[in-house]
Amino acid sequence: ERRAPQSALRSMIIGRFAPSPSGALHPGNLLCALLAWLSCRSQGGAGPCGITATQQLAPAANGPEGYERNFFSFDEGNIRFIFLDSHYMAVTDSRSEECMRSWIRKNAVRPQGQALIVVMHHPMFPVHYKFDDYMRAELMQRNYLDVLEEVRTDMILCGHQHICCRTREIRGMIQMMGVSGSKLFDECTSPLMEKVISNTPAAGIIIAENGSIEA
């Protein structure tokens with residue numbers, strides 16, 4: 001077995017720095033870049049610190065005016081994904097709300113046989129009682145549930161309440177909540193839930209075929 005000389009391996013070491021895809025450089029980015037460069041130099045690496053391209057990780061900037069990176073959509077296979085920033089969905093003024101509703105309608109237009117999955121952080125249908133979550137959900141349902149039904153949403157993917165669960169079909173769509181990490185809850189008081197896996201991390205499988213979704 002032939003191996004490259006250690007000096008050759010050292011010369012191939014190049015520090016890498018991946019800036020955030022969602023914003024401009026800031027002091028924290030520069031500190032990370034400096035540490036990557038120092039680590040490279042300490043191991044005998046040659047050349048400057050390379051900046052890793054993050055374009056493929058950046059969200060599509062195709063949201064409504066003023067919210068280009070908070071709301072966006074793209075296609076993956078036979079699924080249209082629409083991402084909605086739920087932090088804005090319950091606190092915007094009526095003009096912005098109508099702008100977002102119109103944007104959802106426009107971006108939900110898709111070929112026949114393509115499923116639609118809407119992704120947001122906060123649940124449209126909360127799992128367990130928390131006053132702030134229920135108030136937010138009530139406003140989101142009042143302002144957006146009808147348009148999601150109108151565009152034939154198949155599934156809502158969400159998180160926030162740290163329980164893996166799936167609702168029964170509600171107005172033509174189901175909601176699936178994922179969970180990871182060490183913050184877990186086992187309480188579930190919602191009668192809307194069809195399947196609940198509580199107090200443990202869990203992964204879900206989504207199958208999209210012929211314009212329909214199974215989870």
# chains A, B, ... in the order shown; residues from 1 in each chain; ligands from 1
$ residues_around --residues "range 106-112 of chain A" --least-positions-apart "4" --cutoff "10 Å" --atoms "only C-alpha atoms" --output "list of chain:residue names"
A:Asn62, A:Gly63, A:Phe72, A:Ser73, A:Phe74, A:Asp75, A:Asn78, A:Ile79, A:Arg80, A:Phe81, A:Ile82, A:Met100, A:Arg101, A:Ser102, A:Leu116, A:Ile117, A:Val118, A:Leu148, A:Glu150, A:Val151, A:Arg152, A:Thr153, A:Asn210, A:Gly211
$ atom_distance --atom1 "CA of Asp132 in chain A" --atom2 "CA of Gln161 in chain A"
11.6 Å
$ residues_around --residues "Phe125 in chain A" --least-positions-apart "4" --cutoff "9 Å" --atoms "only C-alpha atoms" --output "ChimeraX atom specification"
/A:134,137-138,141,167,175,190,192
$ write_last_selection --atoms "N, CA and C atoms" --output "CSV table (one decimal), in the first residue's frame"
chain,number,residue,atom,x,y,z
A,134,TYR,N,-51.8,28.4,21.4
A,134,TYR,CA,-53.2,28.4,21.0
A,134,TYR,C,-53.7,29.7,20.4
A,137,ALA,N,-52.2,29.9,17.0
A,137,ALA,CA,-52.9,29.0,16.1
A,137,ALA,C,-54.2,29.5,15.7
A,138,GLU,N,-54.9,30.1,16.6
A,138,GLU,CA,-56.3,30.6,16.3
A,138,GLU,C,-56.2,31.7,15.3
A,141,GLN,N,-55.2,30.1,11.9
A,141,GLN,CA,-56.4,29.4,11.3
A,141,GLN,C,-57.4,30.4,10.7
A,167,THR,N,-52.1,14.4,12.8
A,167,THR,CA,-53.6,14.7,13.0
A,167,THR,C,-54.4,13.7,12.0
A,175,GLN,N,-51.7,17.3,9.4
A,175,GLN,CA,-50.6,18.0,10.0
A,175,GLN,C,-49.7,16.9,10.6
A,190,SER,N,-55.1,17.2,22.5
A,190,SER,CA,-55.9,17.5,21.4
A,190,SER,C,-56.6,16.3,20.8
A,192,LEU,N,-57.7,16.1,17.9
A,192,LEU,CA,-57.5,16.1,16.5
A,192,LEU,C,-56.4,15.1,16.1
$ select_by_dssp --residues "range 53-188 of chain A" --states "strand (DSSP E or B)" --output "short mmCIF file (atom, residue, chain, number, x, y, z; two decimals) with C-alpha atoms, in the first residue's frame"
data_model
loop_
_atom_site.label_atom_id
_atom_site.label_comp_id
_atom_site.auth_asym_id
_atom_site.auth_seq_id
_atom_site.Cartn_x
_atom_site.Cartn_y
_atom_site.Cartn_z
CA PHE A 72 -40.49 30.75 -0.26
CA SER A 73 -41.31 27.74 -2.41
CA PHE A 74 -39.57 25.14 -4.53
CA ASP A 75 -40.21 21.77 -6.18
CA GLU A 76 -38.54 18.52 -5.18
CA ILE A 79 -43.84 17.63 -4.32
CA ARG A 80 -44.28 21.40 -4.20
CA PHE A 81 -42.93 22.76 -0.91
CA ILE A 82 -44.16 26.11 0.40
CA PHE A 83 -42.34 27.48 3.47
CA ALA A 115 -48.59 17.09 -4.01
CA LEU A 116 -48.40 20.22 -1.86
CA ILE A 117 -46.63 20.29 1.51
CA VAL A 118 -46.68 23.50 3.56
CA VAL A 119 -43.85 23.86 6.10
CA MET A 155 -49.89 18.20 4.45
CA ILE A 156 -48.59 20.73 6.97
CA LEU A 157 -45.17 19.97 8.45
CA CYS A 158 -44.35 21.75 11.71
CA CYS A 164 -44.06 13.46 17.14
CA CYS A 165 -47.66 13.23 15.99
CA ARG A 166 -50.05 13.25 13.06
CA THR A 167 -53.57 14.65 12.97
CA ILE A 170 -58.77 18.28 8.68
CA MET A 173 -55.07 18.11 4.86
CA ILE A 174 -53.15 16.48 7.68
CA GLN A 175 -50.57 17.99 9.99
CA MET A 176 -47.40 16.14 10.95
CA MET A 177 -45.23 17.41 13.78
CA VAL A 179 -39.34 16.35 17.20
#
$ atom_distance --atom1 "CA of Arg136 in chain A" --atom2 "CA of Tyr88 in chain A"
10.1 Å
$ atom_distance --atom1 "CA of Ala60 in chain A" --atom2 "CA of Leu84 in chain A"
12.4 Å
$ select_by_dssp --residues "range 68-126 of chain A" --states "alpha helix (DSSP H)" --output "PyMOL selection string"
chain A and resi 94-107
